Amino acid sequence: YGLCTLLFTFPTMSAAPKTAAPKTDKKVEVEKTEKKIDEVQRPKNHVRVSGTKSHVLYADVTKHLLHDGEKEVVLTALNSSISDAVAVAEMLKNFKLANVKKITTSRGQEETARRLTADKIEIIVTKAANFDKIYAEHEKERANKKAELEKAKK
């Protein structure tokens with residue numbers, strides 16, 4: 001009885017009450033993340049490869065960048081996506097659309113979602129000799145397939 005009276009009488013001697021952690025609004029976190037992404041200006045000729053999308057998508061983006069006048073395109077990937085970047089470069093080579101100019105690997109202290117160190121690869125590709133001819137053929141095939149699909153829908 002005496003201890004309880006003492007704690008209530010002299011609040012400075014009692015332990016500080018535990019407070020719940022403040023709730024964070026997910027919208028605010030998303031806005032902060034989007035702001036960070038917008039603040040970082042990446043060069044137009046950089047393609048960041050991830051493991052979540054198709055290799056064909058990254059190959060198409062690279063192909064269109066080369067067609068639109070870029071002298072070289074840099075494919076970059078981190079950690080487990082490195083093999084995906086290599087696959088994209090190999091696809092472009094096999095279709096005779098691009099040549100690999102340089103491959104750079106590094107291990108840095110970049111913050112990722114799961115770890116503090118990140119393995120990174122940069123593959124620089126340039127136009128192949130017959131790029132324009134092969135690109136025109138691919139675009140013609142793509143247009144024909146699109147026309148066939150439209151015709152089949154009707």
# chains A, B, ... in the order shown; residues from 1 in each chain; ligands from 1
>>> residues_around(residues="Leu65 in chain A", least_positions_apart="3", cutoff="12 Å", atoms="only C-alpha atoms", output="PyMOL selection string")
chain A and resi 43-47+58-62+68-75+97-98+125-127+135
>>> write_last_selection(atoms="N, CA, C and O atoms", output="tab-separated table (two decimals), in the first residue's frame")
chain	number	residue	atom	x	y	z
A	43	PRO	N	19.93	8.50	-66.85
A	43	PRO	CA	20.14	8.78	-68.26
A	43	PRO	C	19.14	7.99	-69.11
A	43	PRO	O	18.72	6.89	-68.73
A	44	LYS	N	18.79	8.54	-70.25
A	44	LYS	CA	17.80	7.90	-71.11
A	44	LYS	C	18.28	6.55	-71.63
A	44	LYS	O	17.49	5.65	-71.88
A	45	ASN	N	19.59	6.39	-71.77
A	45	ASN	CA	20.11	5.17	-72.37
A	45	ASN	C	20.38	4.06	-71.36
A	45	ASN	O	21.05	3.09	-71.67
A	46	HIS	N	19.86	4.18	-70.14
A	46	HIS	CA	20.02	3.13	-69.13
A	46	HIS	C	18.74	2.31	-69.02
A	46	HIS	O	17.65	2.87	-68.94
A	47	VAL	N	18.89	1.00	-69.01
A	47	VAL	CA	17.76	0.09	-68.83
A	47	VAL	C	18.05	-0.72	-67.58
A	47	VAL	O	19.05	-1.44	-67.52
A	58	TYR	N	12.66	-6.12	-72.05
A	58	TYR	CA	13.92	-5.37	-71.93
A	58	TYR	C	14.68	-5.35	-73.25
A	58	TYR	O	15.30	-4.34	-73.60
A	59	ALA	N	14.62	-6.45	-74.00
A	59	ALA	CA	15.28	-6.48	-75.31
A	59	ALA	C	14.60	-5.49	-76.26
A	59	ALA	O	15.27	-4.78	-77.01
A	60	ASP	N	13.27	-5.41	-76.22
A	60	ASP	CA	12.54	-4.45	-77.07
A	60	ASP	C	12.86	-3.01	-76.70
A	60	ASP	O	13.07	-2.17	-77.57
A	61	VAL	N	12.91	-2.72	-75.40
A	61	VAL	CA	13.23	-1.37	-74.96
A	61	VAL	C	14.63	-0.99	-75.45
A	61	VAL	O	14.84	0.11	-75.99
A	62	THR	N	15.56	-1.89	-75.29
A	62	THR	CA	16.94	-1.64	-75.73
A	62	THR	C	17.00	-1.44	-77.23
A	62	THR	O	17.65	-0.52	-77.73
A	68	ASP	N	16.28	4.72	-81.88
A	68	ASP	CA	15.96	6.15	-81.72
A	68	ASP	C	17.20	7.04	-81.65
A	68	ASP	O	17.08	8.23	-81.38
A	69	GLY	N	18.38	6.48	-81.87
A	69	GLY	CA	19.57	7.30	-81.99
A	69	GLY	C	20.59	7.19	-80.88
A	69	GLY	O	21.63	7.85	-80.93
A	70	GLU	N	20.33	6.38	-79.87
A	70	GLU	CA	21.33	6.20	-78.82
A	70	GLU	C	22.53	5.43	-79.39
A	70	GLU	O	22.36	4.44	-80.07
A	71	LYS	N	23.72	5.91	-79.10
A	71	LYS	CA	24.95	5.25	-79.59
A	71	LYS	C	25.18	3.94	-78.86
A	71	LYS	O	25.63	2.96	-79.43
A	72	GLU	N	24.89	3.96	-77.55
A	72	GLU	CA	25.03	2.75	-76.73
A	72	GLU	C	23.97	2.76	-75.65
A	72	GLU	O	23.48	3.82	-75.25
A	73	VAL	N	23.62	1.56	-75.19
A	73	VAL	CA	22.62	1.40	-74.14
A	73	VAL	C	23.27	0.59	-73.03
A	73	VAL	O	23.96	-0.40	-73.28
A	74	VAL	N	23.04	1.02	-71.78
A	74	VAL	CA	23.62	0.35	-70.62
A	74	VAL	C	22.52	-0.46	-69.94
A	74	VAL	O	21.53	0.10	-69.46
A	75	LEU	N	22.70	-1.77	-69.90
A	75	LEU	CA	21.80	-2.66	-69.17
A	75	LEU	C	22.39	-2.83	-67.77
A	75	LEU	O	23.55	-3.22	-67.64
A	97	LEU	N	21.30	-7.94	-83.38
A	97	LEU	CA	20.89	-6.55	-83.25
A	97	LEU	C	21.92	-5.70	-82.52
A	97	LEU	O	21.98	-4.49	-82.73
A	98	ALA	N	22.71	-6.32	-81.66
A	98	ALA	CA	23.64	-5.54	-80.83
A	98	ALA	C	24.94	-6.29	-80.61
A	98	ALA	O	24.99	-7.53	-80.70
A	125	VAL	N	25.83	-2.14	-74.59
A	125	VAL	CA	25.62	-2.70	-75.93
A	125	VAL	C	25.54	-1.56	-76.95
A	125	VAL	O	25.09	-0.46	-76.63
A	126	THR	N	25.99	-1.87	-78.16
A	126	THR	CA	25.94	-0.91	-79.27
A	126	THR	C	25.25	-1.58	-80.45
A	126	THR	O	25.06	-2.79	-80.46
A	127	LYS	N	24.90	-0.77	-81.46
A	127	LYS	CA	24.25	-1.31	-82.65
A	127	LYS	C	25.17	-2.27	-83.39
A	127	LYS	O	26.37	-2.02	-83.50
A	135	TYR	N	16.11	-4.53	-87.80
A	135	TYR	CA	15.06	-3.83	-87.07
A	135	TYR	C	13.83	-3.62	-87.96
A	135	TYR	O	12.69	-3.84	-87.52
>>> atom_distance(atom1="CA of Lys154 in chain A", atom2="CA of Glu141 in chain A")
20.4 Å
>>> atom_distance(atom1="CA of His67 in chain A", atom2="CA of Gly51 in chain A")
24.7 Å
>>> decode(residues="range 46-59 of chain A", atoms="all heavy atoms", output="PDB file, in the first residue's frame")
ATOM      1  N   HIS A  46      19.857   4.175 -70.140  1.00  0.00           N
ATOM      2  CA  HIS A  46      20.024   3.129 -69.135  1.00  0.00           C
ATOM      3  C   HIS A  46      18.744   2.312 -69.024  1.00  0.00           C
ATOM      4  O   HIS A  46      17.654   2.866 -68.943  1.00  0.00           O
ATOM      5  CB  HIS A  46      20.343   3.735 -67.773  1.00  0.00           C
ATOM      6  CG  HIS A  46      21.782   4.104 -67.628  1.00  0.00           C
ATOM      7  ND1 HIS A  46      22.537   3.714 -66.559  1.00  0.00           N
ATOM      8  CD2 HIS A  46      22.615   4.811 -68.424  1.00  0.00           C
ATOM      9  CE1 HIS A  46      23.765   4.172 -66.698  1.00  0.00           C
ATOM     10  NE2 HIS A  46      23.820   4.855 -67.831  1.00  0.00           N
ATOM     11  N   VAL A  47      18.889   0.997 -69.012  1.00  0.00           N
ATOM     12  CA  VAL A  47      17.758   0.087 -68.835  1.00  0.00           C
ATOM     13  C   VAL A  47      18.046  -0.723 -67.582  1.00  0.00           C
ATOM     14  O   VAL A  47      19.047  -1.441 -67.520  1.00  0.00           O
ATOM     15  CB  VAL A  47      17.588  -0.848 -70.052  1.00  0.00           C
ATOM     16  CG1 VAL A  47      16.458  -1.832 -69.813  1.00  0.00           C
ATOM     17  CG2 VAL A  47      17.349  -0.045 -71.315  1.00  0.00           C
ATOM     18  N   ARG A  48      17.183  -0.603 -66.585  1.00  0.00           N
ATOM     19  CA  ARG A  48      17.349  -1.351 -65.335  1.00  0.00           C
ATOM     20  C   ARG A  48      16.557  -2.644 -65.436  1.00  0.00           C
ATOM     21  O   ARG A  48      15.335  -2.630 -65.473  1.00  0.00           O
ATOM     22  CB  ARG A  48      16.877  -0.520 -64.159  1.00  0.00           C
ATOM     23  CG  ARG A  48      17.697   0.736 -63.980  1.00  0.00           C
ATOM     24  CD  ARG A  48      17.224   1.528 -62.822  1.00  0.00           C
ATOM     25  NE  ARG A  48      18.016   1.147 -61.664  1.00  0.00           N
ATOM     26  CZ  ARG A  48      17.778   1.575 -60.446  1.00  0.00           C
ATOM     27  NH1 ARG A  48      16.753   2.351 -60.210  1.00  0.00           N
ATOM     28  NH2 ARG A  48      18.540   1.214 -59.453  1.00  0.00           N
ATOM     29  N   VAL A  49      17.263  -3.743 -65.458  1.00  0.00           N
ATOM     30  CA  VAL A  49      16.651  -5.061 -65.633  1.00  0.00           C
ATOM     31  C   VAL A  49      16.297  -5.639 -64.260  1.00  0.00           C
ATOM     32  O   VAL A  49      17.104  -5.597 -63.336  1.00  0.00           O
ATOM     33  CB  VAL A  49      17.614  -6.010 -66.377  1.00  0.00           C
ATOM     34  CG1 VAL A  49      17.006  -7.389 -66.527  1.00  0.00           C
ATOM     35  CG2 VAL A  49      17.995  -5.423 -67.728  1.00  0.00           C
ATOM     36  N   SER A  50      15.083  -6.166 -64.152  1.00  0.00           N
ATOM     37  CA  SER A  50      14.672  -6.854 -62.930  1.00  0.00           C
ATOM     38  C   SER A  50      14.196  -8.251 -63.303  1.00  0.00           C
ATOM     39  O   SER A  50      13.979  -8.551 -64.468  1.00  0.00           O
ATOM     40  CB  SER A  50      13.558  -6.087 -62.212  1.00  0.00           C
ATOM     41  OG  SER A  50      12.352  -6.208 -62.920  1.00  0.00           O
ATOM     42  N   GLY A  51      14.005  -9.072 -62.320  1.00  0.00           N
ATOM     43  CA  GLY A  51      13.565 -10.438 -62.564  1.00  0.00           C
ATOM     44  C   GLY A  51      12.065 -10.582 -62.676  1.00  0.00           C
ATOM     45  O   GLY A  51      11.560 -11.684 -62.863  1.00  0.00           O
ATOM     46  N   THR A  52      11.329  -9.487 -62.575  1.00  0.00           N
ATOM     47  CA  THR A  52       9.870  -9.574 -62.545  1.00  0.00           C
ATOM     48  C   THR A  52       9.227  -9.479 -63.925  1.00  0.00           C
ATOM     49  O   THR A  52       8.080  -9.863 -64.081  1.00  0.00           O
ATOM     50  CB  THR A  52       9.276  -8.465 -61.664  1.00  0.00           C
ATOM     51  OG1 THR A  52       9.692  -7.198 -62.177  1.00  0.00           O
ATOM     52  CG2 THR A  52       9.745  -8.613 -60.222  1.00  0.00           C
ATOM     53  N   LYS A  53       9.939  -8.957 -64.893  1.00  0.00           N
ATOM     54  CA  LYS A  53       9.355  -8.787 -66.227  1.00  0.00           C
ATOM     55  C   LYS A  53      10.070  -9.683 -67.239  1.00  0.00           C
ATOM     56  O   LYS A  53      11.144 -10.203 -66.994  1.00  0.00           O
ATOM     57  CB  LYS A  53       9.442  -7.319 -66.633  1.00  0.00           C
ATOM     58  CG  LYS A  53       8.611  -6.425 -65.733  1.00  0.00           C
ATOM     59  CD  LYS A  53       8.383  -5.088 -66.356  1.00  0.00           C
ATOM     60  CE  LYS A  53       7.352  -4.302 -65.625  1.00  0.00           C
ATOM     61  NZ  LYS A  53       7.688  -3.771 -64.371  1.00  0.00           N
ATOM     62  N   SER A  54       9.483  -9.797 -68.396  1.00  0.00           N
ATOM     63  CA  SER A  54      10.003 -10.662 -69.446  1.00  0.00           C
ATOM     64  C   SER A  54      11.296 -10.122 -70.044  1.00  0.00           C
ATOM     65  O   SER A  54      11.467  -8.904 -70.186  1.00  0.00           O
ATOM     66  CB  SER A  54       8.937 -10.780 -70.544  1.00  0.00           C
ATOM     67  OG  SER A  54       9.464 -11.383 -71.684  1.00  0.00           O
ATOM     68  N   HIS A  55      12.187 -11.029 -70.414  1.00  0.00           N
ATOM     69  CA  HIS A  55      13.425 -10.638 -71.088  1.00  0.00           C
ATOM     70  C   HIS A  55      13.122  -9.929 -72.406  1.00  0.00           C
ATOM     71  O   HIS A  55      13.851  -9.026 -72.813  1.00  0.00           O
ATOM     72  CB  HIS A  55      14.292 -11.859 -71.367  1.00  0.00           C
ATOM     73  CG  HIS A  55      14.728 -12.570 -70.127  1.00  0.00           C
ATOM     74  ND1 HIS A  55      15.102 -13.889 -70.143  1.00  0.00           N
ATOM     75  CD2 HIS A  55      14.853 -12.163 -68.841  1.00  0.00           C
ATOM     76  CE1 HIS A  55      15.433 -14.261 -68.925  1.00  0.00           C
ATOM     77  NE2 HIS A  55      15.284 -13.233 -68.119  1.00  0.00           N
ATOM     78  N   VAL A  56      12.060 -10.349 -73.066  1.00  0.00           N
ATOM     79  CA  VAL A  56      11.683  -9.769 -74.360  1.00  0.00           C
ATOM     80  C   VAL A  56      11.369  -8.280 -74.201  1.00  0.00           C
ATOM     81  O   VAL A  56      11.723  -7.467 -75.058  1.00  0.00           O
ATOM     82  CB  VAL A  56      10.485 -10.534 -74.978  1.00  0.00           C
ATOM     83  CG1 VAL A  56      10.026  -9.892 -76.263  1.00  0.00           C
ATOM     84  CG2 VAL A  56      10.847 -11.992 -75.202  1.00  0.00           C
ATOM     85  N   LEU A  57      10.731  -7.912 -73.107  1.00  0.00           N
ATOM     86  CA  LEU A  57      10.410  -6.507 -72.858  1.00  0.00           C
ATOM     87  C   LEU A  57      11.687  -5.669 -72.813  1.00  0.00           C
ATOM     88  O   LEU A  57      11.783  -4.639 -73.475  1.00  0.00           O
ATOM     89  CB  LEU A  57       9.647  -6.357 -71.540  1.00  0.00           C
ATOM     90  CG  LEU A  57       9.457  -4.914 -71.089  1.00  0.00           C
ATOM     91  CD1 LEU A  57       8.352  -4.249 -71.896  1.00  0.00           C
ATOM     92  CD2 LEU A  57       9.177  -4.855 -69.620  1.00  0.00           C
ATOM     93  N   TYR A  58      12.661  -6.124 -72.047  1.00  0.00           N
ATOM     94  CA  TYR A  58      13.917  -5.373 -71.932  1.00  0.00           C
ATOM     95  C   TYR A  58      14.681  -5.352 -73.251  1.00  0.00           C
ATOM     96  O   TYR A  58      15.298  -4.343 -73.598  1.00  0.00           O
ATOM     97  CB  TYR A  58      14.784  -5.951 -70.818  1.00  0.00           C
ATOM     98  CG  TYR A  58      14.136  -5.838 -69.466  1.00  0.00           C
ATOM     99  CD1 TYR A  58      13.739  -6.961 -68.756  1.00  0.00           C
ATOM    100  CD2 TYR A  58      13.912  -4.587 -68.893  1.00  0.00           C
ATOM    101  CE1 TYR A  58      13.140  -6.854 -67.519  1.00  0.00           C
ATOM    102  CE2 TYR A  58      13.305  -4.473 -67.653  1.00  0.00           C
ATOM    103  CZ  TYR A  58      12.929  -5.609 -66.973  1.00  0.00           C
ATOM    104  OH  TYR A  58      12.330  -5.496 -65.750  1.00  0.00           O
ATOM    105  N   ALA A  59      14.624  -6.451 -74.001  1.00  0.00           N
ATOM    106  CA  ALA A  59      15.278  -6.482 -75.311  1.00  0.00           C
ATOM    107  C   ALA A  59      14.602  -5.487 -76.255  1.00  0.00           C
ATOM    108  O   ALA A  59      15.273  -4.779 -77.008  1.00  0.00           O
ATOM    109  CB  ALA A  59      15.235  -7.892 -75.892  1.00  0.00           C
TER     110      ALA A  59
END
